[in-house]
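Engineer: structure_13.txt is reproduced below (compact mmCIF, C-alpha atoms and all ligand atoms).
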# COMPACT_ATOMS: atom_id res chain seq x y z
CA MET Y 18 27.98 -13.68 -23.46
CA GLU Y 19 24.52 -12.54 -24.40
CA ASN Y 20 24.56 -9.09 -25.96
CA LYS Y 21 20.82 -8.61 -25.91
CA TRP Y 22 20.77 -7.63 -22.24
CA ASN Y 23 23.31 -5.55 -20.40
CA PHE Y 24 23.97 -7.79 -17.44
CA LYS Y 25 26.54 -5.45 -15.96
CA GLU Y 26 23.75 -2.92 -15.43
CA LEU Y 27 21.03 -5.46 -14.80
CA VAL Y 28 22.78 -7.11 -11.85
CA LYS Y 29 22.90 -3.77 -10.04
CA ASN Y 30 19.19 -4.15 -9.38
CA PHE Y 31 19.64 -7.20 -7.16
CA ASP Y 32 21.21 -7.66 -3.78
CA PHE Y 33 24.04 -9.91 -5.03
CA GLU Y 34 27.24 -10.65 -3.17
CA GLY Y 35 30.57 -9.87 -4.88
CA GLU Y 36 31.76 -8.21 -8.04
CA PHE Y 37 30.00 -9.15 -11.27
CA ILE Y 38 32.14 -11.17 -13.71
CA GLU Y 39 29.85 -12.61 -16.42
CA ALA Y 40 26.48 -14.12 -17.22
CA ASN Y 41 25.92 -17.01 -19.62
CA ARG Y 42 22.88 -18.83 -20.88
CA TYR Y 43 22.20 -21.92 -18.82
CA GLY Y 44 20.11 -25.10 -18.82
CA HIS Y 45 17.62 -26.65 -21.22
CA GLY Y 46 14.30 -25.09 -20.25
CA HIS Y 47 11.77 -24.58 -23.05
CA ILE Y 48 10.15 -21.45 -21.63
CA ASN Y 49 12.16 -18.84 -19.73
CA ASP Y 50 15.55 -17.26 -20.50
CA THR Y 51 17.88 -18.69 -17.87
CA PHE Y 52 21.42 -17.46 -17.10
CA GLU Y 53 24.20 -18.38 -14.74
CA ALA Y 54 25.68 -15.17 -13.29
CA ARG Y 55 29.17 -15.29 -11.75
CA PHE Y 56 30.46 -12.93 -9.07
CA LYS Y 57 33.82 -12.66 -7.35
CA LYS Y 58 33.69 -12.32 -3.58
CA GLU Y 59 36.20 -10.31 -1.54
CA ASP Y 60 38.08 -13.46 -0.58
CA GLY Y 61 38.53 -14.23 -4.29
CA THR Y 62 36.06 -17.13 -4.41
CA ILE Y 63 33.28 -17.34 -6.99
CA ARG Y 64 29.63 -17.02 -6.11
CA ARG Y 65 26.99 -18.05 -8.66
CA TYR Y 66 23.36 -17.07 -9.06
CA ILE Y 67 20.61 -18.06 -11.47
CA MET Y 68 18.98 -15.13 -13.27
CA GLN Y 69 15.81 -15.64 -15.27
CA ARG Y 70 13.78 -13.47 -17.56
CA ILE Y 71 10.21 -14.62 -17.21
CA ASN Y 72 8.51 -15.44 -20.49
CA THR Y 73 5.63 -12.98 -20.29
CA SER Y 74 4.01 -14.02 -23.54
CA ILE Y 75 3.31 -17.29 -21.74
CA PHE Y 76 3.00 -16.07 -18.15
CA LYS Y 77 0.70 -13.10 -18.62
CA THR Y 78 0.55 -12.09 -14.94
CA PRO Y 79 4.20 -12.21 -13.82
CA GLU Y 80 3.59 -10.30 -10.58
CA ASN Y 81 0.96 -12.82 -9.50
CA LEU Y 82 3.33 -15.61 -10.50
CA MET Y 83 6.10 -14.12 -8.37
CA GLU Y 84 3.71 -13.75 -5.43
CA ASN Y 85 3.02 -17.49 -5.72
CA ILE Y 86 6.72 -18.32 -5.76
CA GLU Y 87 7.46 -16.07 -2.78
CA ASN Y 88 4.67 -17.63 -0.74
CA ILE Y 89 5.48 -21.21 -1.72
CA THR Y 90 9.20 -20.92 -1.06
CA GLU Y 91 8.53 -19.23 2.31
CA HIS Y 92 6.25 -22.09 3.28
CA LEU Y 93 8.77 -24.70 2.15
CA LYS Y 94 11.59 -22.92 3.91
CA LYS Y 95 9.78 -23.05 7.26
CA LYS Y 96 9.09 -26.76 6.88
CA ILE Y 97 12.67 -27.52 5.83
CA ILE Y 98 14.06 -25.65 8.84
CA GLN Y 99 11.65 -27.48 11.18
CA ALA Y 100 12.91 -30.78 9.79
CA GLY Y 101 16.55 -29.75 10.31
CA GLY Y 102 17.27 -29.45 6.57
CA ASN Y 103 19.23 -26.86 4.61
CA PRO Y 104 16.80 -24.20 3.33
CA GLU Y 105 19.39 -22.78 0.92
CA ARG Y 106 19.62 -26.04 -1.00
CA GLU Y 107 16.31 -27.80 -0.51
CA THR Y 108 14.15 -25.06 -1.96
CA LEU Y 109 14.64 -22.13 -4.31
CA ASN Y 110 15.72 -18.90 -2.62
CA LEU Y 111 14.88 -15.62 -4.30
CA ILE Y 112 17.39 -12.79 -4.15
CA LYS Y 113 15.61 -9.55 -3.39
CA SER Y 114 15.73 -6.65 -5.80
CA LEU Y 115 17.05 -3.37 -4.42
CA ASP Y 116 13.51 -2.15 -3.84
CA GLY Y 117 12.84 -5.21 -1.68
CA LYS Y 118 10.80 -7.20 -4.18
CA GLY Y 119 11.25 -10.78 -5.39
CA PHE Y 120 11.73 -9.55 -8.96
CA TYR Y 121 12.96 -6.57 -10.96
CA LYS Y 122 10.97 -4.98 -13.79
CA SER Y 123 13.26 -3.35 -16.32
CA GLU Y 124 12.55 -0.18 -18.28
CA GLU Y 125 11.82 -2.35 -21.32
CA GLY Y 126 9.15 -4.12 -19.28
CA ASP Y 127 11.08 -7.38 -18.79
CA TYR Y 128 10.58 -9.25 -15.53
CA TRP Y 129 13.79 -10.64 -14.04
CA ARG Y 130 14.24 -12.79 -10.96
CA SER Y 131 17.30 -14.28 -9.33
CA TYR Y 132 17.91 -17.33 -7.21
CA ILE Y 133 20.75 -18.66 -5.10
CA PHE Y 134 22.58 -21.14 -7.32
CA ILE Y 135 22.22 -24.62 -5.87
CA GLU Y 136 25.78 -25.88 -5.90
CA GLY Y 137 26.84 -29.52 -5.91
CA ALA Y 138 23.75 -30.69 -7.76
CA LYS Y 139 22.60 -31.06 -11.38
CA THR Y 140 19.59 -31.59 -13.54
CA TYR Y 141 19.57 -34.30 -16.21
CA GLN Y 142 17.68 -34.45 -19.49
CA VAL Y 143 17.53 -38.24 -19.42
CA VAL Y 144 17.74 -40.62 -16.46
CA GLU Y 145 21.31 -41.98 -16.33
CA ASN Y 146 21.07 -43.71 -13.01
CA LEU Y 147 18.02 -45.52 -11.63
CA ASN Y 148 18.66 -44.16 -8.18
CA HIS Y 149 18.33 -40.59 -9.47
CA PHE Y 150 14.86 -41.32 -10.78
CA TYR Y 151 13.83 -43.13 -7.59
CA ASN Y 152 15.01 -40.12 -5.62
CA SER Y 153 13.17 -37.69 -7.88
CA GLY Y 154 10.00 -39.69 -7.15
CA LYS Y 155 10.70 -39.28 -3.45
CA ALA Y 156 11.42 -35.56 -3.88
CA LEU Y 157 8.15 -34.93 -5.72
CA GLY Y 158 6.17 -37.07 -3.27
CA LYS Y 159 7.71 -35.04 -0.46
CA PHE Y 160 7.03 -31.77 -2.30
CA GLN Y 161 3.36 -32.71 -2.44
CA GLN Y 162 3.36 -33.52 1.27
CA LEU Y 163 5.13 -30.31 2.27
CA LEU Y 164 2.56 -28.26 0.38
CA SER Y 165 -0.44 -30.27 1.55
CA ASP Y 166 -1.27 -27.61 4.17
CA PHE Y 167 -0.55 -24.65 1.92
CA PRO Y 168 -3.82 -22.77 1.34
CA ALA Y 169 -4.58 -23.38 -2.34
CA SER Y 170 -6.90 -20.35 -2.39
CA LYS Y 171 -3.81 -18.14 -1.93
CA LEU Y 172 -2.43 -19.27 -5.29
CA HIS Y 173 -3.00 -17.40 -8.52
CA GLU Y 174 -3.61 -19.43 -11.64
CA THR Y 175 -0.52 -18.54 -13.68
CA ILE Y 176 -1.73 -20.32 -16.85
CA PRO Y 177 -5.46 -20.97 -16.86
CA ASN Y 178 -6.55 -24.48 -17.89
CA PHE Y 179 -2.93 -25.62 -17.92
CA HIS Y 180 -3.77 -29.32 -17.62
CA ASN Y 181 -7.33 -29.15 -18.85
CA THR Y 182 -6.72 -31.83 -21.46
CA GLU Y 183 -10.18 -31.40 -22.93
CA LYS Y 184 -9.38 -27.74 -23.65
CA ARG Y 185 -5.94 -28.74 -24.91
CA TYR Y 186 -7.65 -31.04 -27.39
CA GLN Y 187 -9.92 -28.21 -28.57
CA ASP Y 188 -6.92 -25.89 -28.95
CA PHE Y 189 -5.14 -28.60 -30.91
CA MET Y 190 -8.10 -29.05 -33.28
CA GLU Y 191 -8.19 -25.28 -33.72
CA ALA Y 192 -4.50 -25.36 -34.73
CA VAL Y 193 -5.32 -28.12 -37.23
CA LYS Y 194 -8.18 -26.05 -38.64
CA LEU Y 195 -6.11 -22.88 -38.92
CA ASN Y 196 -3.00 -24.60 -40.29
CA ALA Y 197 -1.27 -21.27 -39.68
CA ALA Y 198 2.20 -22.37 -40.78
CA GLY Y 199 0.96 -24.48 -43.71
CA ARG Y 200 2.43 -27.67 -42.25
CA LEU Y 201 -0.69 -29.82 -41.94
CA ASN Y 202 0.13 -32.04 -44.91
CA GLU Y 203 3.26 -33.29 -43.23
CA VAL Y 204 1.52 -34.49 -40.09
CA SER Y 205 -1.65 -36.25 -41.13
CA ALA Y 206 -0.62 -39.51 -39.42
CA GLU Y 207 0.07 -37.68 -36.14
CA VAL Y 208 -3.20 -35.73 -36.32
CA GLU Y 209 -5.05 -38.98 -36.86
CA PHE Y 210 -3.26 -40.49 -33.86
CA VAL Y 211 -4.56 -37.65 -31.70
CA MET Y 212 -8.11 -37.76 -33.05
CA GLU Y 213 -8.39 -41.50 -32.44
CA ARG Y 214 -7.85 -40.78 -28.76
CA ALA Y 215 -10.19 -37.80 -28.47
CA SER Y 216 -12.53 -39.60 -26.08
CA GLU Y 217 -9.82 -39.89 -23.43
CA ALA Y 218 -9.04 -36.19 -23.24
CA ASN Y 219 -11.81 -35.43 -20.75
CA VAL Y 220 -11.41 -38.35 -18.36
CA LEU Y 221 -9.69 -36.45 -15.53
CA VAL Y 222 -11.68 -33.27 -16.22
CA ASN Y 223 -14.88 -35.26 -15.73
CA LEU Y 224 -13.65 -36.90 -12.53
CA ILE Y 225 -12.92 -33.42 -11.18
CA LYS Y 226 -16.41 -32.23 -12.14
CA GLU Y 227 -17.90 -35.25 -10.38
CA GLY Y 228 -15.89 -34.42 -7.25
CA LYS Y 229 -14.04 -37.72 -7.42
CA LEU Y 230 -10.50 -36.35 -7.33
CA PRO Y 231 -9.12 -34.01 -4.65
CA ILE Y 232 -7.75 -30.67 -5.78
CA ARG Y 233 -4.29 -30.27 -4.30
CA VAL Y 234 -1.42 -27.84 -4.64
CA SER Y 235 0.49 -29.39 -7.51
CA HIS Y 236 3.67 -28.47 -9.38
CA ASN Y 237 2.30 -29.17 -12.84
CA ASP Y 238 5.66 -29.30 -14.63
CA THR Y 239 7.45 -32.21 -13.00
CA LYS Y 240 9.75 -33.22 -15.79
CA PHE Y 241 12.92 -34.91 -14.69
CA ASN Y 242 15.08 -31.84 -15.37
CA ASN Y 243 13.03 -29.84 -12.88
CA VAL Y 244 14.46 -31.83 -9.96
CA MET Y 245 18.04 -31.13 -8.92
CA ILE Y 246 20.02 -34.23 -8.05
CA ASP Y 247 22.76 -33.96 -5.45
CA ASP Y 248 26.19 -34.88 -6.88
CA VAL Y 249 27.28 -36.71 -3.73
CA THR Y 250 24.18 -38.28 -2.19
CA ASN Y 251 22.14 -38.68 -5.42
CA GLU Y 252 19.13 -37.32 -3.51
CA GLY Y 253 16.51 -35.25 -5.30
CA ILE Y 254 17.67 -32.26 -3.32
CA CYS Y 255 15.40 -29.56 -4.72
CA VAL Y 256 12.28 -29.28 -6.86
CA ILE Y 257 12.71 -26.22 -9.10
CA ASP Y 258 10.76 -24.38 -11.83
CA LEU Y 259 7.86 -23.28 -9.65
CA ASP Y 260 6.09 -21.12 -12.26
CA THR Y 261 3.15 -23.46 -12.61
CA VAL Y 262 2.56 -24.39 -8.97
CA MET Y 263 -1.22 -24.08 -8.82
CA PRO Y 264 -4.25 -25.93 -7.57
CA GLY Y 265 -4.33 -29.17 -9.57
CA LEU Y 266 -4.12 -32.94 -9.32
CA SER Y 267 -1.45 -35.23 -7.90
CA LEU Y 268 -2.03 -37.16 -11.13
CA TYR Y 269 -0.69 -34.29 -13.24
CA ASP Y 270 2.59 -34.46 -11.36
CA PHE Y 271 2.95 -38.21 -11.32
CA GLY Y 272 1.97 -38.43 -14.99
CA ASP Y 273 4.37 -35.77 -16.19
CA SER Y 274 7.28 -37.30 -14.27
CA ILE Y 275 6.68 -40.62 -15.98
CA ARG Y 276 6.23 -38.94 -19.36
CA SER Y 277 9.66 -37.38 -19.11
CA GLY Y 278 11.73 -39.80 -17.03
CA ALA Y 279 10.44 -43.25 -17.96
CA ASN Y 280 11.50 -42.68 -21.57
CA PRO Y 281 15.15 -43.81 -21.77
CA ALA Y 282 15.70 -41.52 -24.79
CA GLU Y 283 15.72 -37.75 -25.22
CA GLU Y 284 12.43 -35.88 -25.48
CA ASP Y 285 13.43 -34.88 -29.01
CA GLU Y 286 15.02 -38.18 -30.10
CA ILE Y 287 14.66 -38.70 -33.85
CA ASP Y 288 15.31 -42.44 -33.80
CA LEU Y 289 11.97 -43.58 -32.41
CA SER Y 290 13.22 -47.13 -31.90
CA LYS Y 291 15.03 -45.75 -28.84
CA VAL Y 292 11.84 -44.28 -27.36
CA CYS Y 293 9.68 -46.45 -25.11
CA MET Y 294 7.90 -46.66 -21.81
CA ASP Y 295 10.56 -48.42 -19.76
CA LEU Y 296 8.84 -50.47 -17.05
CA GLU Y 297 11.93 -50.61 -14.87
CA LEU Y 298 12.06 -46.81 -14.86
CA PHE Y 299 8.31 -46.69 -14.22
CA GLU Y 300 8.67 -49.01 -11.25
CA THR Y 301 11.62 -47.09 -9.85
CA TYR Y 302 9.81 -43.75 -9.86
CA THR Y 303 6.52 -45.22 -8.63
CA LYS Y 304 8.28 -46.81 -5.66
CA GLY Y 305 9.92 -43.53 -4.64
CA TYR Y 306 6.80 -41.44 -5.14
CA LEU Y 307 4.49 -43.81 -3.28
CA GLU Y 308 6.90 -44.17 -0.38
CA MET Y 309 6.51 -40.44 0.27
CA ALA Y 310 2.98 -39.69 -0.90
CA GLY Y 311 1.23 -43.07 -1.12
CA GLU Y 312 -0.55 -42.90 2.20
CA SER Y 313 -2.18 -39.58 1.41
CA LEU Y 314 -3.58 -40.63 -1.96
CA THR Y 315 -7.22 -41.63 -2.39
CA GLU Y 316 -8.25 -44.87 -4.06
CA THR Y 317 -9.32 -43.04 -7.18
CA GLU Y 318 -5.98 -41.24 -7.41
CA ILE Y 319 -4.16 -44.55 -7.09
CA GLU Y 320 -6.40 -46.17 -9.68
CA TYR Y 321 -5.64 -43.46 -12.23
CA LEU Y 322 -1.86 -43.22 -11.75
CA PRO Y 323 -0.97 -45.34 -14.82
CA PHE Y 324 -3.61 -43.63 -16.95
CA SER Y 325 -2.33 -40.21 -15.87
CA ALA Y 326 1.09 -41.04 -17.32
CA LYS Y 327 -0.51 -41.78 -20.64
CA LEU Y 328 -2.78 -38.72 -20.53
CA MET Y 329 -0.01 -36.28 -19.62
CA THR Y 330 2.15 -37.70 -22.41
CA PHE Y 331 -0.72 -37.44 -24.87
CA GLU Y 332 -1.40 -33.86 -23.77
CA CYS Y 333 2.24 -32.86 -24.13
CA GLY Y 334 2.42 -34.48 -27.57
CA MET Y 335 -0.66 -32.51 -28.63
CA ARG Y 336 0.91 -29.31 -27.35
CA PHE Y 337 4.15 -29.91 -29.27
CA LEU Y 338 2.29 -30.82 -32.45
CA GLY Y 339 -0.11 -27.90 -32.05
CA ASP Y 340 2.86 -25.57 -31.66
CA PHE Y 341 4.45 -27.04 -34.77
CA LEU Y 342 1.23 -26.33 -36.67
CA ASN Y 343 1.04 -22.81 -35.24
CA GLY Y 344 4.57 -22.04 -36.43
CA ASP Y 345 6.56 -22.64 -33.19
CA THR Y 346 5.25 -19.76 -31.12
CA TYR Y 347 5.32 -21.35 -27.64
CA PHE Y 348 8.21 -23.77 -26.98
CA LYS Y 349 11.78 -22.69 -27.69
CA ILE Y 350 13.10 -24.64 -30.68
CA HIS Y 351 16.71 -25.24 -31.69
CA ARG Y 352 16.28 -26.85 -35.10
CA GLU Y 353 13.79 -27.22 -37.91
CA LYS Y 354 10.83 -29.48 -37.07
CA HIS Y 355 11.96 -29.62 -33.46
CA ASN Y 356 8.41 -29.55 -32.12
CA LEU Y 357 7.39 -32.27 -34.56
CA ASP Y 358 10.24 -34.49 -33.37
CA ARG Y 359 9.16 -33.86 -29.78
CA ALA Y 360 5.53 -34.67 -30.59
CA ARG Y 361 6.56 -37.94 -32.22
CA THR Y 362 8.45 -39.14 -29.15
CA GLN Y 363 5.41 -38.40 -27.01
CA PHE Y 364 3.08 -40.35 -29.29
CA LYS Y 365 5.51 -43.28 -29.40
CA MET Y 366 5.42 -43.27 -25.60
CA VAL Y 367 1.61 -43.13 -25.57
CA ALA Y 368 1.36 -46.10 -27.91
CA ASP Y 369 3.81 -48.08 -25.79
CA MET Y 370 1.96 -47.19 -22.59
CA GLU Y 371 -1.24 -48.48 -24.15
CA ASN Y 372 0.46 -51.86 -24.60
CA LYS Y 373 1.87 -51.85 -21.09
CA LEU Y 374 -1.02 -50.41 -19.09
CA GLU Y 375 -1.81 -53.68 -17.29
CA GLU Y 376 1.83 -54.09 -16.26
CA MET Y 377 1.90 -50.50 -15.04
CA LYS Y 378 -1.22 -51.15 -12.94
CA ALA Y 379 0.38 -54.24 -11.40
CA ILE Y 380 3.46 -52.20 -10.46
CA VAL Y 381 1.35 -49.53 -8.74
CA ARG Y 382 -0.48 -52.25 -6.76
CA LYS Y 383 2.85 -53.67 -5.61
CA TYR Y 384 3.79 -50.42 -3.87
CA ILE Y 385 0.49 -49.53 -2.28
CA ILE Y 386 0.94 -49.68 1.45
CA LYS Y 387 -2.75 -49.63 2.45
P1 LIG Y 401 12.44 -23.24 -17.54
O1 LIG Y 401 11.16 -22.73 -16.92
O2 LIG Y 401 12.80 -22.51 -18.78
O3 LIG Y 401 12.40 -24.73 -17.70
P2 LIG Y 401 14.05 -23.67 -15.14
O4 LIG Y 401 13.60 -22.86 -13.96
O5 LIG Y 401 13.66 -25.08 -15.15
O6 LIG Y 401 13.60 -22.92 -16.48
O7 LIG Y 401 15.64 -23.53 -15.22
C1 LIG Y 401 16.37 -24.06 -16.30
C2 LIG Y 401 17.57 -24.85 -15.77
O8 LIG Y 401 18.41 -24.00 -14.97
C3 LIG Y 401 17.21 -26.00 -14.84
O9 LIG Y 401 16.92 -27.19 -15.53
C4 LIG Y 401 18.46 -26.13 -13.97
O10 LIG Y 401 19.44 -26.90 -14.62
C5 LIG Y 401 18.96 -24.70 -13.88
N1 LIG Y 401 18.54 -24.06 -12.61
C6 LIG Y 401 17.38 -23.41 -12.36
N2 LIG Y 401 17.35 -22.92 -11.11
C7 LIG Y 401 18.53 -23.27 -10.54
C8 LIG Y 401 19.14 -23.02 -9.25
N3 LIG Y 401 18.53 -22.31 -8.30
N4 LIG Y 401 20.39 -23.51 -9.03
C9 LIG Y 401 21.07 -24.20 -10.01
N5 LIG Y 401 20.54 -24.46 -11.22
C10 LIG Y 401 19.30 -24.00 -11.50
C1 LIG Y 402 7.88 -26.85 -20.62
O1 LIG Y 402 9.57 -25.02 -18.62
P1 LIG Y 402 9.95 -26.43 -18.95
O2 LIG Y 402 10.91 -26.56 -20.06
O3 LIG Y 402 10.34 -27.13 -17.68
C2 LIG Y 402 6.39 -26.68 -20.35
C3 LIG Y 402 5.80 -27.98 -19.80
C4 LIG Y 402 6.05 -29.11 -20.77
C5 LIG Y 402 7.55 -29.20 -21.04
C6 LIG Y 402 7.86 -30.25 -22.08
C7 LIG Y 402 5.11 -23.58 -18.63
O4 LIG Y 402 8.55 -27.11 -19.41
O5 LIG Y 402 4.42 -27.83 -19.60
O6 LIG Y 402 5.57 -30.32 -20.26
O7 LIG Y 402 8.07 -27.94 -21.50
N1 LIG Y 402 6.18 -25.58 -19.40
C8 LIG Y 402 5.22 -24.66 -19.62
O8 LIG Y 402 9.21 -30.50 -22.10
O9 LIG Y 402 4.46 -24.70 -20.60
MG MG Y 403 12.39 -26.27 -16.32
Translate the structure described by the file into structure tokens.

Structural biologist:
Amino acid sequence: MENKWNFKELVKNFDFEGEFIEANRYGHGHINDTFEARFKKEDGTIRRYIMQRINTSIFKTPENLMENIENITEHLKKKIIQAGGNPERETLNLIKSLDGKGFYKSEEGDYWRSYIFIEGAKTYQVVENLNHFYNSGKALGKFQQLLSDFPASKLHETIPNFHNTEKRYQDFMEAVKLNAAGRLNEVSAEVEFVMERASEANVLVNLIKEGKLPIRVSHNDTKFNNVMIDDVTNEGICVIDLDTVMPGLSLYDFGDSIRSGANPAEEDEIDLSKVCMDLELFETYTKGYLEMAGESLTETEIEYLPFSAKLMTFECGMRFLGDFLNGDTYFKIHREKHNLDRARTQFKMVADMENKLEEMKAIVRKYIIK
């Protein structure tokens, strides 16, 4: 039980069903504070909800962010109902606060939101079953399709330049220059690894400038543990963690899914011999994703799918290493050098993807329907 917040009082601000029992920290997210809240209904059964405190040092405009989530989930809900699906499981459902909003702002200035708990499904840190990863590819391809007619102009940018890898590189070099936590000596090999690849940071940014890639509504944080997998059917039942849904590229989403799911080891694995770009996992995800979204992709998008996996992994590695240099101010850490361990897995993946890029391209070609 978390003492920092008085959940007994806090829950009174939401329209929950049943009598509050307890709230416990939940999940493995790096950003928000997530809790599972349990309630007892009149018939004695338990009802669960997810409660989250939004990380406002990262999301600086939480009310805009919540407006995005309300609009996106409403849109998804309509589409799911039209298709005969279950809107309480196939998208996130916000519980209204007592004043009718999608969030509650506490006296301390914390922003809290609550969702229906999606029962009978789980998220996984590492792919344990190929079918799960295939189905997460389908779920994210479908997510892109369902949002293809959502007006992107209605979306607020919740983190500006989120996947502007060129800017991420500049921020990284700034962290190197500042060496705020005095850790630069330890990471000279990793810094060199990044600098050797500087020229690739702006590839997608330049294609956007040249008008060669379509701006779409993208999720932008498609790691494998942001897709809930149904316990019975193994389907990717719901795409969660909608904080960064913004105008972006399909390539950001494809790339980040591969970054996280095509590595058979943990994101923070210390034994780097376990970390690699697993081509079977790559193929599995690519097949699922292209089955759902392949027809809508342009030739340039298709061409850059393998590269996007490498770029998103490189970007994430830079962010972890930059955070390590800054003194761990962004990602939650649970041990010493945690961000450094995470950065190292990402760079191991990047190096392996460089060796396997031609094979990755051949796999993409195999599943192109056009
Ligand atoms: P973060 O932004 O910190 O990553 P997430 O929104 O991804 O937070 O939530 C963290 C974890 O909580 C998820 O990986 C998932 O396991 C669980 N979770 C989030 N929303 C729900 C939900 N509606 N139902 C069940 N579990 C959820
Ligand atoms: C964060 O919120 P979470 O844990 O799903 C981060 C992503 C990174 C990821 C790396 C808002 O995702 O961008 O790729 O960690 N989210 C934000 O694991 O920065
Ligand atoms: Mg998450």

Engineer: Could you name the residues that touch Leu298 (chain Y) at 12 Å or less, counting all atoms listed in the file, but leaving out those on the same chain fewer than 4 positions away, as a VMD selection string?

Structural biologist: chain Y and resid 143 to 154 241 274 to 282 293 to 294 302 to 305 377 380

Engineer: Which of these, Y:Val204, Y:Leu111, Y:Met68, Y:Ala215, has the shortest distance to Asp358 (chain Y) once you count all atoms listed in the file?

Structural biologist: Y:Val204

Engineer: Using only C-alpha atoms and all ligand atoms, what does the table of chain Y residues within 8 Å of ligand MG 403 (chain Y) look like, with each row giving the shortest atom pair and its distance in Å to one decimal, sorted by chain and ascending number, as a tab-separated table?

Structural biologist:
residue	atom	partner	partner_atom	distance
Y:His45	CA	Y:MG403	MG	7.2
Y:Gly46	CA	Y:MG403	MG	4.5
Y:His47	CA	Y:MG403	MG	7.0
Y:Ile48	CA	Y:MG403	MG	7.5
Y:Asp238	CA	Y:MG403	MG	7.6
Y:Lys240	CA	Y:MG403	MG	7.5
Y:Asn242	CA	Y:MG403	MG	6.3
Y:Asn243	CA	Y:MG403	MG	5.0
Y:Ile257	CA	Y:MG403	MG	7.2
Y:Asp258	CA	Y:MG403	MG	5.1

Engineer: Enter the distance from CA of Lys155 (chain Y) to CA of Lys327 (chain Y), in Å, rounded to one decimal.

Structural biologist: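 Interatomic distance here is 20.7 Å.
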
Engineer: Return as an mmCIF file with C-alpha atoms, keeping the file's coordinate frame every polymer residue, whether protein, DNA or RNA, with at least one atom no more than 10 Å from an atom of ligand LIG 402 (chain Y); count all atoms listed in the file.

Structural biologist:
data_model
loop_
_atom_site.group_PDB
_atom_site.id
_atom_site.type_symbol
_atom_site.label_atom_id
_atom_site.label_comp_id
_atom_site.auth_asym_id
_atom_site.auth_seq_id
_atom_site.Cartn_x
_atom_site.Cartn_y
_atom_site.Cartn_z
ATOM 1 C CA GLY Y 44 20.110 -25.100 -18.820
ATOM 2 C CA HIS Y 45 17.620 -26.650 -21.220
ATOM 3 C CA GLY Y 46 14.300 -25.090 -20.250
ATOM 4 C CA HIS Y 47 11.770 -24.580 -23.050
ATOM 5 C CA ILE Y 48 10.150 -21.450 -21.630
ATOM 6 C CA ASN Y 49 12.160 -18.840 -19.730
ATOM 7 C CA ASP Y 50 15.550 -17.260 -20.500
ATOM 8 C CA ASN Y 72 8.510 -15.440 -20.490
ATOM 9 C CA ILE Y 75 3.310 -17.290 -21.740
ATOM 10 C CA PHE Y 76 3.000 -16.070 -18.150
ATOM 11 C CA GLN Y 142 17.680 -34.450 -19.490
ATOM 12 C CA THR Y 175 -0.520 -18.540 -13.680
ATOM 13 C CA ILE Y 176 -1.730 -20.320 -16.850
ATOM 14 C CA PHE Y 179 -2.930 -25.620 -17.920
ATOM 15 C CA HIS Y 180 -3.770 -29.320 -17.620
ATOM 16 C CA ASN Y 237 2.300 -29.170 -12.840
ATOM 17 C CA ASP Y 238 5.660 -29.300 -14.630
ATOM 18 C CA THR Y 239 7.450 -32.210 -13.000
ATOM 19 C CA LYS Y 240 9.750 -33.220 -15.790
ATOM 20 C CA PHE Y 241 12.920 -34.910 -14.690
ATOM 21 C CA ASN Y 242 15.080 -31.840 -15.370
ATOM 22 C CA ASN Y 243 13.030 -29.840 -12.880
ATOM 23 C CA VAL Y 244 14.460 -31.830 -9.960
ATOM 24 C CA ILE Y 257 12.710 -26.220 -9.100
ATOM 25 C CA ASP Y 258 10.760 -24.380 -11.830
ATOM 26 C CA LEU Y 259 7.860 -23.280 -9.650
ATOM 27 C CA ASP Y 260 6.090 -21.120 -12.260
ATOM 28 C CA THR Y 261 3.150 -23.460 -12.610
ATOM 29 C CA ASP Y 273 4.370 -35.770 -16.190
ATOM 30 C CA SER Y 274 7.280 -37.300 -14.270
ATOM 31 C CA ARG Y 276 6.230 -38.940 -19.360
ATOM 32 C CA SER Y 277 9.660 -37.380 -19.110
ATOM 33 C CA GLU Y 284 12.430 -35.880 -25.480
ATOM 34 C CA ASP Y 285 13.430 -34.880 -29.010
ATOM 35 C CA MET Y 329 -0.010 -36.280 -19.620
ATOM 36 C CA THR Y 330 2.150 -37.700 -22.410
ATOM 37 C CA GLU Y 332 -1.400 -33.860 -23.770
ATOM 38 C CA CYS Y 333 2.240 -32.860 -24.130
ATOM 39 C CA GLY Y 334 2.420 -34.480 -27.570
ATOM 40 C CA ARG Y 336 0.910 -29.310 -27.350
ATOM 41 C CA PHE Y 337 4.150 -29.910 -29.270
ATOM 42 C CA TYR Y 347 5.320 -21.350 -27.640
ATOM 43 C CA PHE Y 348 8.210 -23.770 -26.980
ATOM 44 C CA LYS Y 349 11.780 -22.690 -27.690
ATOM 45 C CA ARG Y 359 9.160 -33.860 -29.780
ATOM 46 C CA ALA Y 360 5.530 -34.670 -30.590
ATOM 47 C CA GLN Y 363 5.410 -38.400 -27.010
#

Engineer: Can you measure atom C9 of ligand LIG 401 (chain Y) to CA of Asp116 (chain Y) for me? One decimal in Å is fine.

Structural biologist: 24.1 Å

Engineer: So how many Å separate atom O9 of ligand LIG 401 (chain Y) and CA of Thr90 (chain Y), to one decimal?

Structural biologist: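 Taking atom O9 of ligand LIG 401 (chain Y) as the start and CA of Thr90 (chain Y) as the end point, the length is 17.6 Å.
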
Engineer: Using only C-alpha atoms, which of the listed residues (Y:Arg361, Y:His173, Y:Lys139, Y:Arg185) sits closest to Gly265 (chain Y)?

Structural biologist: Y:His173
